[in-house]
$ cat start_15.pdb   # PDB, C-alpha atoms
ATOM      1  CA  MET A   1      52.676 110.824-186.168  1.00  0.00           C
ATOM      2  CA  PRO A   2      52.350 109.588-182.578  1.00  0.00           C
ATOM      3  CA  GLU A   3      55.664 109.253-180.734  1.00  0.00           C
ATOM      4  CA  LEU A   4      57.249 107.564-177.757  1.00  0.00           C
ATOM      5  CA  VAL A   5      59.324 110.317-176.149  1.00  0.00           C
ATOM      6  CA  PHE A   6      61.659 109.759-173.199  1.00  0.00           C
ATOM      7  CA  PHE A   7      62.452 112.833-171.103  1.00  0.00           C
ATOM      8  CA  SER A   8      65.487 111.988-168.998  1.00  0.00           C
ATOM      9  CA  GLY A   9      67.618 113.687-166.400  1.00  0.00           C
ATOM     10  CA  THR A  10      68.936 113.456-162.868  1.00  0.00           C
ATOM     11  CA  MET A  11      66.795 113.852-159.792  1.00  0.00           C
ATOM     12  CA  ASP A  12      65.729 117.414-159.031  1.00  0.00           C
ATOM     13  CA  CYS A  13      65.862 118.612-162.658  1.00  0.00           C
ATOM     14  CA  GLY A  14      62.136 119.192-163.132  1.00  0.00           C
ATOM     15  CA  LYS A  15      60.924 115.998-164.854  1.00  0.00           C
ATOM     16  CA  SER A  16      57.666 115.732-162.925  1.00  0.00           C
ATOM     17  CA  THR A  17      57.067 119.466-163.262  1.00  0.00           C
ATOM     18  CA  LEU A  18      57.405 119.162-167.043  1.00  0.00           C
ATOM     19  CA  ALA A  19      55.075 116.144-167.036  1.00  0.00           C
ATOM     20  CA  LEU A  20      52.420 118.195-165.262  1.00  0.00           C
ATOM     21  CA  GLN A  21      52.988 121.117-167.640  1.00  0.00           C
ATOM     22  CA  ILE A  22      52.504 118.894-170.695  1.00  0.00           C
ATOM     23  CA  GLU A  23      49.332 117.512-169.140  1.00  0.00           C
ATOM     24  CA  HIS A  24      48.036 121.045-168.501  1.00  0.00           C
ATOM     25  CA  ASN A  25      48.850 122.310-171.997  1.00  0.00           C
ATOM     26  CA  ARG A  26      47.250 119.384-173.803  1.00  0.00           C
ATOM     27  CA  SER A  27      44.157 119.131-171.646  1.00  0.00           C
ATOM     28  CA  ALA A  28      43.635 122.883-172.062  1.00  0.00           C
ATOM     29  CA  ARG A  29      43.381 122.258-175.821  1.00  0.00           C
ATOM     30  CA  GLY A  30      40.660 119.675-175.373  1.00  0.00           C
ATOM     31  CA  LEU A  31      42.849 116.572-175.562  1.00  0.00           C
ATOM     32  CA  ALA A  32      42.197 113.659-173.213  1.00  0.00           C
ATOM     33  CA  GLY A  33      45.169 112.135-171.438  1.00  0.00           C
ATOM     34  CA  MET A  34      45.884 109.410-168.939  1.00  0.00           C
ATOM     35  CA  ILE A  35      48.562 109.703-166.253  1.00  0.00           C
ATOM     36  CA  PHE A  36      50.578 106.794-164.883  1.00  0.00           C
ATOM     37  CA  THR A  37      53.331 106.666-162.303  1.00  0.00           C
ATOM     38  CA  ARG A  38      55.316 104.274-160.153  1.00  0.00           C
ATOM     39  CA  ASP A  39      56.577 104.773-156.582  1.00  0.00           C
ATOM     40  CA  ASP A  40      56.070 108.544-156.503  1.00  0.00           C
ATOM     41  CA  ARG A  41      57.338 110.394-153.421  1.00  0.00           C
ATOM     42  CA  ALA A  42      53.749 111.481-152.641  1.00  0.00           C
ATOM     43  CA  GLY A  43      52.495 107.901-152.420  1.00  0.00           C
ATOM     44  CA  ALA A  44      50.665 105.400-154.614  1.00  0.00           C
ATOM     45  CA  GLY A  45      48.479 106.800-157.364  1.00  0.00           C
ATOM     46  CA  LYS A  46      50.031 110.280-157.283  1.00  0.00           C
ATOM     47  CA  LEU A  47      52.250 112.295-159.597  1.00  0.00           C
ATOM     48  CA  SER A  48      53.941 115.072-157.658  1.00  0.00           C
ATOM     49  CA  SER A  49      56.433 117.837-158.297  1.00  0.00           C
ATOM     50  CA  ARG A  50      58.834 119.355-155.780  1.00  0.00           C
ATOM     51  CA  LEU A  51      57.171 122.682-156.550  1.00  0.00           C
ATOM     52  CA  GLY A  52      54.134 121.386-154.647  1.00  0.00           C
ATOM     53  CA  LEU A  53      51.938 120.342-157.585  1.00  0.00           C
ATOM     54  CA  VAL A  54      50.159 116.993-157.235  1.00  0.00           C
ATOM     55  CA  THR A  55      47.667 115.138-159.403  1.00  0.00           C
ATOM     56  CA  ASP A  56      46.038 111.713-159.364  1.00  0.00           C
ATOM     57  CA  ALA A  57      47.555 108.960-161.476  1.00  0.00           C
ATOM     58  CA  VAL A  58      47.227 105.247-162.159  1.00  0.00           C
ATOM     59  CA  GLU A  59      49.846 103.270-160.234  1.00  0.00           C
ATOM     60  CA  ALA A  60      51.717 100.989-162.656  1.00  0.00           C
ATOM     61  CA  GLU A  61      52.666  98.148-160.324  1.00  0.00           C
ATOM     62  CA  ASP A  62      54.595  94.976-161.145  1.00  0.00           C
ATOM     63  CA  GLY A  63      52.689  93.051-163.803  1.00  0.00           C
ATOM     64  CA  PHE A  64      50.643  96.059-164.919  1.00  0.00           C
ATOM     65  CA  ASP A  65      49.918  95.847-168.673  1.00  0.00           C
ATOM     66  CA  PHE A  66      49.714  99.287-170.283  1.00  0.00           C
ATOM     67  CA  TYR A  67      48.510  98.009-173.638  1.00  0.00           C
ATOM     68  CA  ALA A  68      45.757  95.804-172.194  1.00  0.00           C
ATOM     69  CA  TYR A  69      44.661  98.661-169.914  1.00  0.00           C
ATOM     70  CA  LEU A  70      44.361 101.050-172.878  1.00  0.00           C
ATOM     71  CA  VAL A  71      42.532  98.515-175.047  1.00  0.00           C
ATOM     72  CA  ALA A  72      40.004  97.899-172.257  1.00  0.00           C
ATOM     73  CA  HIS A  73      39.592 101.649-171.703  1.00  0.00           C
ATOM     74  CA  LEU A  74      38.998 102.355-175.405  1.00  0.00           C
ATOM     75  CA  SER A  75      36.690  99.338-175.805  1.00  0.00           C
ATOM     76  CA  GLN A  76      34.454 100.729-173.082  1.00  0.00           C
ATOM     77  CA  GLY A  77      34.063 104.004-174.937  1.00  0.00           C
ATOM     78  CA  GLY A  78      36.901 105.836-173.217  1.00  0.00           C
ATOM     79  CA  ARG A  79      39.243 108.261-174.929  1.00  0.00           C
ATOM     80  CA  ALA A  80      42.990 108.709-174.706  1.00  0.00           C
ATOM     81  CA  ASP A  81      44.965 111.044-176.946  1.00  0.00           C
ATOM     82  CA  TYR A  82      48.205 110.763-174.980  1.00  0.00           C
ATOM     83  CA  LEU A  83      49.802 109.088-171.976  1.00  0.00           C
ATOM     84  CA  ILE A  84      52.004 110.674-169.309  1.00  0.00           C
ATOM     85  CA  VAL A  85      54.229 108.079-167.608  1.00  0.00           C
ATOM     86  CA  ASP A  86      56.344 109.359-164.722  1.00  0.00           C
ATOM     87  CA  GLU A  87      59.079 107.459-162.829  1.00  0.00           C
ATOM     88  CA  ALA A  88      59.468 105.313-165.935  1.00  0.00           C
ATOM     89  CA  GLN A  89      62.867 104.051-164.772  1.00  0.00           C
ATOM     90  CA  PHE A  90      61.036 101.756-162.344  1.00  0.00           C
ATOM     91  CA  LEU A  91      59.105  99.972-165.101  1.00  0.00           C
ATOM     92  CA  ASP A  92      60.348  96.660-166.438  1.00  0.00           C
ATOM     93  CA  PRO A  93      61.414  96.273-170.097  1.00  0.00           C
ATOM     94  CA  ASP A  94      58.197  94.424-171.024  1.00  0.00           C
ATOM     95  CA  GLN A  95      56.164  97.407-169.837  1.00  0.00           C
ATOM     96  CA  ILE A  96      58.264  99.707-172.017  1.00  0.00           C
ATOM     97  CA  ASP A  97      57.513  97.408-174.962  1.00  0.00           C
ATOM     98  CA  GLN A  98      53.813  97.815-174.132  1.00  0.00           C
ATOM     99  CA  LEU A  99      54.180 101.595-174.282  1.00  0.00           C
ATOM    100  CA  ALA A 100      55.845 101.339-177.705  1.00  0.00           C
ATOM    101  CA  ARG A 101      53.021  99.089-178.910  1.00  0.00           C
ATOM    102  CA  THR A 102      50.494 101.623-177.607  1.00  0.00           C
ATOM    103  CA  VAL A 103      52.089 104.257-179.842  1.00  0.00           C
ATOM    104  CA  ASP A 104      52.351 102.016-182.914  1.00  0.00           C
ATOM    105  CA  ASP A 105      49.053 100.112-182.758  1.00  0.00           C
ATOM    106  CA  LEU A 106      46.724 102.573-181.003  1.00  0.00           C
ATOM    107  CA  ASP A 107      48.172 105.834-182.400  1.00  0.00           C
ATOM    108  CA  ILE A 108      48.558 107.377-178.935  1.00  0.00           C
ATOM    109  CA  ASP A 109      51.434 109.664-177.949  1.00  0.00           C
ATOM    110  CA  VAL A 110      53.406 108.487-174.920  1.00  0.00           C
ATOM    111  CA  PHE A 111      55.544 110.877-172.889  1.00  0.00           C
ATOM    112  CA  ALA A 112      57.750 108.995-170.426  1.00  0.00           C
ATOM    113  CA  PHE A 113      59.808 110.701-167.723  1.00  0.00           C
ATOM    114  CA  GLY A 114      62.579 109.121-165.712  1.00  0.00           C
ATOM    115  CA  ILE A 115      66.101 108.905-164.392  1.00  0.00           C
ATOM    116  CA  THR A 116      68.548 107.185-166.715  1.00  0.00           C
ATOM    117  CA  THR A 117      71.023 105.709-164.218  1.00  0.00           C
ATOM    118  CA  ASP A 118      70.839 104.537-160.610  1.00  0.00           C
ATOM    119  CA  PHE A 119      73.014 105.464-157.617  1.00  0.00           C
ATOM    120  CA  ARG A 120      75.782 103.188-158.927  1.00  0.00           C
ATOM    121  CA  SER A 121      75.767 104.893-162.358  1.00  0.00           C
ATOM    122  CA  LYS A 122      74.198 101.768-163.879  1.00  0.00           C
ATOM    123  CA  LEU A 123      71.283 101.982-166.308  1.00  0.00           C
ATOM    124  CA  PHE A 124      67.837 101.194-164.952  1.00  0.00           C
ATOM    125  CA  PRO A 125      66.365  98.377-167.089  1.00  0.00           C
ATOM    126  CA  GLY A 126      63.307 100.488-167.876  1.00  0.00           C
ATOM    127  CA  SER A 127      65.409 103.471-168.906  1.00  0.00           C
ATOM    128  CA  GLN A 128      67.682 101.300-171.020  1.00  0.00           C
ATOM    129  CA  ARG A 129      64.694  99.925-172.916  1.00  0.00           C
ATOM    130  CA  LEU A 130      63.326 103.429-173.414  1.00  0.00           C
ATOM    131  CA  VAL A 131      66.626 104.576-174.920  1.00  0.00           C
ATOM    132  CA  GLU A 132      66.479 101.562-177.235  1.00  0.00           C
ATOM    133  CA  LEU A 133      62.882 102.111-178.374  1.00  0.00           C
ATOM    134  CA  ALA A 134      62.021 105.799-178.040  1.00  0.00           C
ATOM    135  CA  ASP A 135      61.416 107.917-181.115  1.00  0.00           C
ATOM    136  CA  ARG A 136      63.123 110.737-179.260  1.00  0.00           C
ATOM    137  CA  VAL A 137      65.198 111.028-176.094  1.00  0.00           C
ATOM    138  CA  GLU A 138      65.114 114.522-174.612  1.00  0.00           C
ATOM    139  CA  VAL A 139      67.607 115.496-171.924  1.00  0.00           C
ATOM    140  CA  LEU A 140      66.007 118.153-169.750  1.00  0.00           C
ATOM    141  CA  GLN A 141      67.637 121.550-170.081  1.00  0.00           C
ATOM    142  CA  VAL A 142      66.923 122.659-166.504  1.00  0.00           C
ATOM    143  CA  GLU A 143      70.202 121.550-165.010  1.00  0.00           C
ATOM    144  CA  ALA A 144      70.389 120.217-161.480  1.00  0.00           C
ATOM    145  CA  LEU A 145      73.563 121.356-159.742  1.00  0.00           C
ATOM    146  CA  CYS A 146      76.110 119.516-157.630  1.00  0.00           C
ATOM    147  CA  TRP A 147      76.997 121.107-154.286  1.00  0.00           C
ATOM    148  CA  CYS A 148      80.153 122.450-155.965  1.00  0.00           C
ATOM    149  CA  GLY A 149      78.120 124.371-158.531  1.00  0.00           C
ATOM    150  CA  ALA A 150      78.959 122.138-161.503  1.00  0.00           C
ATOM    151  CA  ARG A 151      76.249 120.456-163.563  1.00  0.00           C
ATOM    152  CA  ALA A 152      74.947 117.388-161.729  1.00  0.00           C
ATOM    153  CA  THR A 153      75.050 114.267-163.880  1.00  0.00           C
ATOM    154  CA  HIS A 154      74.840 111.452-161.318  1.00  0.00           C
ATOM    155  CA  ASN A 155      72.446 110.376-158.577  1.00  0.00           C
ATOM    156  CA  ALA A 156      73.944 109.376-155.233  1.00  0.00           C
ATOM    157  CA  ARG A 157      72.199 107.423-152.481  1.00  0.00           C
ATOM    158  CA  THR A 158      73.102 108.631-149.002  1.00  0.00           C
ATOM    159  CA  THR A 159      72.721 107.591-145.395  1.00  0.00           C
ATOM    160  CA  GLY A 160      73.671 110.106-142.749  1.00  0.00           C
ATOM    161  CA  GLY A 161      75.125 112.307-145.462  1.00  0.00           C
ATOM    162  CA  GLU A 162      77.558 109.652-146.682  1.00  0.00           C
ATOM    163  CA  MET A 163      77.316 108.033-150.090  1.00  0.00           C
ATOM    164  CA  VAL A 164      76.115 104.422-150.287  1.00  0.00           C
ATOM    165  CA  VAL A 165      77.396 102.233-153.114  1.00  0.00           C
ATOM    166  CA  GLU A 166      75.703  98.911-152.346  1.00  0.00           C
ATOM    167  CA  GLY A 167      72.110  97.800-151.961  1.00  0.00           C
ATOM    168  CA  ALA A 168      68.931  97.218-153.938  1.00  0.00           C
ATOM    169  CA  GLN A 169      68.616  99.202-157.140  1.00  0.00           C
ATOM    170  CA  VAL A 170      65.202 100.598-156.179  1.00  0.00           C
ATOM    171  CA  VAL A 171      64.836 102.239-152.783  1.00  0.00           C
ATOM    172  CA  VAL A 172      62.314 105.068-152.667  1.00  0.00           C
ATOM    173  CA  GLY A 173      63.736 108.289-151.269  1.00  0.00           C
ATOM    174  CA  ASP A 174      64.150 111.949-152.089  1.00  0.00           C
ATOM    175  CA  VAL A 175      66.657 114.780-152.099  1.00  0.00           C
ATOM    176  CA  ASP A 176      64.690 116.282-149.192  1.00  0.00           C
ATOM    177  CA  HIS A 177      65.085 113.970-146.207  1.00  0.00           C
ATOM    178  CA  LEU A 178      66.095 113.839-142.560  1.00  0.00           C
ATOM    179  CA  PRO A 179      69.837 113.399-141.903  1.00  0.00           C
ATOM    180  CA  ASP A 180      69.523 109.822-140.628  1.00  0.00           C
ATOM    181  CA  GLU A 181      67.209 108.652-143.420  1.00  0.00           C
ATOM    182  CA  ILE A 182      68.070 107.069-146.750  1.00  0.00           C
ATOM    183  CA  GLY A 183      68.094 109.881-149.251  1.00  0.00           C
ATOM    184  CA  TYR A 184      69.500 110.979-152.564  1.00  0.00           C
ATOM    185  CA  GLU A 185      71.786 113.742-153.737  1.00  0.00           C
ATOM    186  CA  VAL A 186      72.737 114.826-157.231  1.00  0.00           C
ATOM    187  CA  LEU A 187      76.474 115.137-157.884  1.00  0.00           C
ATOM    188  CA  CYS A 188      78.819 115.925-160.746  1.00  0.00           C
ATOM    189  CA  ARG A 189      80.798 112.954-162.065  1.00  0.00           C
ATOM    190  CA  ARG A 190      83.978 114.026-160.261  1.00  0.00           C
ATOM    191  CA  HIS A 191      82.398 114.107-156.827  1.00  0.00           C
ATOM    192  CA  HIS A 192      80.325 110.986-157.474  1.00  0.00           C
ATOM    193  CA  ARG A 193      83.551 109.129-158.271  1.00  0.00           C
ATOM    194  CA  ARG A 194      85.137 110.482-155.103  1.00  0.00           C
ATOM    195  CA  ARG A 195      81.982 109.753-153.060  1.00  0.00           C
ATOM    196  CA  MET A 196      82.085 113.344-151.868  1.00  0.00           C
ATOM    197  CA  THR A 197      78.625 114.489-150.870  1.00  0.00           C
ATOM    198  CA  ALA A 198      77.809 117.965-149.572  1.00  0.00           C
ATOM    199  CA  ALA A 199      77.964 116.694-145.984  1.00  0.00           C
ATOM    200  CA  VAL A 200      81.362 115.062-146.525  1.00  0.00           C
ATOM    201  CA  ALA A 201      82.706 118.194-148.206  1.00  0.00           C
ATOM    202  CA  ARG A 202      81.410 120.365-145.364  1.00  0.00           C
ATOM    203  CA  ALA A 203      83.011 118.121-142.752  1.00  0.00           C
ATOM    204  CA  GLY A 204      86.308 118.308-144.635  1.00  0.00           C
ATOM    205  CA  ALA A 205      86.149 122.086-144.788  1.00  0.00           C
ATOM    206  CA  LEU A 206      85.625 122.276-141.031  1.00  0.00           C
ATOM    207  CA  SER A 207      88.580 120.021-140.293  1.00  0.00           C
ATOM    208  CA  PRO A 208      91.629 121.812-138.791  1.00  0.00           C
ATOM    209  CA  ASP A 209      93.855 119.883-141.212  1.00  0.00           C
ATOM    210  CA  VAL A 210      92.288 120.890-144.493  1.00  0.00           C
ATOM    211  CA  LEU A 211      95.665 121.332-146.193  1.00  0.00           C
ATOM    212  CA  PRO A 212      98.629 118.969-145.785  1.00  0.00           C
ATOM    213  CA  VAL A 213     101.016 120.454-143.226  1.00  0.00           C
ATOM    214  CA  ASP A 214     104.631 119.355-142.978  1.00  0.00           C
ATOM    215  CA  PRO A 215     106.393 121.765-140.627  1.00  0.00           C
ATOM    216  CA  VAL A 216     110.194 121.750-140.670  1.00  0.00           C
ATOM    217  CA  THR A 217     111.958 123.938-138.110  1.00  0.00           C
ATOM    218  CA  GLY A 218     115.239 125.412-139.284  1.00  0.00           C
ATOM    219  CA  ALA A 219     118.239 126.536-137.280  1.00  0.00           C
ATOM    220  CA  ASN A 220     117.166 130.182-137.522  1.00  0.00           C
ATOM    221  CA  GLY A 221     114.012 129.509-135.485  1.00  0.00           C
ATOM    222  CA  HIS A 222     111.665 129.785-138.440  1.00  0.00           C
ATOM    223  CA  THR A 223     109.171 127.045-139.277  1.00  0.00           C
ATOM    224  CA  ALA A 224     108.514 126.243-142.919  1.00  0.00           C
ATOM    225  CA  VAL A 225     104.861 125.271-143.493  1.00  0.00           C
ATOM    226  CA  ASN A 226     104.056 124.121-147.048  1.00  0.00           C
ATOM    227  CA  GLY A 227     106.954 126.170-148.328  1.00  0.00           C
ATOM    228  CA  ALA A 228     106.182 129.358-146.342  1.00  0.00           C
ATOM    229  CA  SER A 229     108.461 130.605-143.567  1.00  0.00           C
ATOM    230  CA  VAL A 230     106.759 131.322-140.235  1.00  0.00           C
ATOM    231  CA  ARG A 231     108.605 132.423-137.019  1.00  0.00           C
ATOM    232  CA  SER A 232     108.066 129.895-134.252  1.00  0.00           C
TER
END
$ encode --input "start_15.pdb" --output "structure tokens"
Amino acid sequence: MPELVFFSGTMDCGKSTLALQIEHNRSARGLAGMIFTRDDRAGAGKLSSRLGLVTDAVEAEDGFDFYAYLVAHLSQGGRADYLIVDEAQFLDPDQIDQLARTVDDLDIDVFAFGITTDFRSKLFPGSQRLVELADRVEVLQVEALCWCGARATHNARTTGGEMVVEGAQVVVGDVDHLPDEIGYEVLCRRHHRRRMTAAVARAGALSPDVLPVDPVTGANGHTAVNGASVRS
């Protein structure tokens, strides 16, 4: 039976790479697919992976109707056995409903890829609707890592290396960016809560006062620093 499948994960966990792999595997078996995306880092009408792979795609802009597009395509003699939809978090809930209708009424598999939550740890409307409607939700097993080495679970928006917690929900950026640009970084929950990005952690490590120091000089001429006795 055709399915609506939502592949979710943080940034930098290989969603677009998997989308391209699914497209390759199915087209190699003679199936015909259509690729859609929204606000890809490579520009309009492109689906790109950080590994350097890029393919053409249909840009699903505001107001784009997936179901009507597929009906028109099939009515003109076109073929579509499956859809690949990348950056699905940027779609509005009505567009997700159209994808579900495409599966149910046109018997076409839909594979949607996207981030679940934004930089404030709030659900994207498109992702929320996918979780509500999808036949399956698959969390990608290729784990992105926080700078501390723990599994990254949250997306942080940064400016100048510091975490930003206010602003529009959708601002296109990437984990690879110049220091003064708006960018994104994946963090574990602990460091997302503490707003501790890699740049902030590095600056803290370079500070001469990394550990709290409370020197107390005794009568014997020794200085106690954090409980240790040091001759002054």
$ resolve_selection --input "start_15.pdb" --expression "the PyMOL selection byres ((chain A and resi 109-114) around 6)" --output "number ranges by chain"
A: 2-8, 82-89, 103, 108, 115
$ residues_around --input "start_15.pdb" --residues "Ser75 (chain A)" --least-positions-apart "6" --cutoff "12 Å" --atoms "all atoms listed in the file" --output "list of chain:residue names"
A:Ala68, A:Tyr69, A:Leu106
$ write_last_selection --input "start_15.pdb" --atoms "C-alpha atoms" --output "PDB file, in the frame of the given file"
ATOM      1  CA  ALA A  68      45.757  95.804-172.194  1.00  0.00           C
ATOM      2  CA  TYR A  69      44.661  98.661-169.914  1.00  0.00           C
ATOM      3  CA  LEU A 106      46.724 102.573-181.003  1.00  0.00           C
TER       4      LEU A 106
END
$ atom_distance --input "start_15.pdb" --atom1 "CA of Glu185 (chain A)" --atom2 "CA of Gly43 (chain A)"
20.2 Å
$ atom_distance --input "start_15.pdb" --atom1 "CA of Glu132 (chain A)" --atom2 "CA of His154 (chain A)"
20.5 Å
$ resolve_selection --input "start_15.pdb" --expression "the PyMOL selection byres ((chain A and resi 80) around 9)" --output "count of residues only"
13
$ resolve_selection --input "start_15.pdb" --expression "the PyMOL selection byres ((chain A and resi 136-148) around 7)" --output "ChimeraX atom specification"
/A:4-9,12-14,131,134-135,149-152,186-188,198
$ atom_distance --input "start_15.pdb" --atom1 "CA of Pro125 (chain A)" --atom2 "CA of Gln95 (chain A)"
10.6 Å
$ closest_residue --input "start_15.pdb" --among "A:Arg189, A:Arg50, A:Arg194, A:Arg38" --to "Leu20 (chain A)" --atoms "all atoms listed in the file"
A:Arg50
$ closest_residue --input "start_15.pdb" --among "A:Ala60, A:Glu181, A:Ser16, A:Asp65" --to "Arg41 (chain A)" --atoms "all atoms listed in the file"
A:Ser16
$ residues_around --input "start_15.pdb" --residues "Phe119 (chain A)" --least-positions-apart "2" --cutoff "8 Å" --atoms "only C-alpha atoms" --output "JSON, numbers by chain"
{"A": [117, 121, 122, 154, 155, 156, 157, 165, 169]}
$ residues_around --input "start_15.pdb" --residues "Glu61 (chain A)" --least-positions-apart "3" --cutoff "9 Å" --atoms "only C-alpha atoms" --output "list in words"
Thr37, Arg38, Asp39, Phe64 and Leu91 of chain A
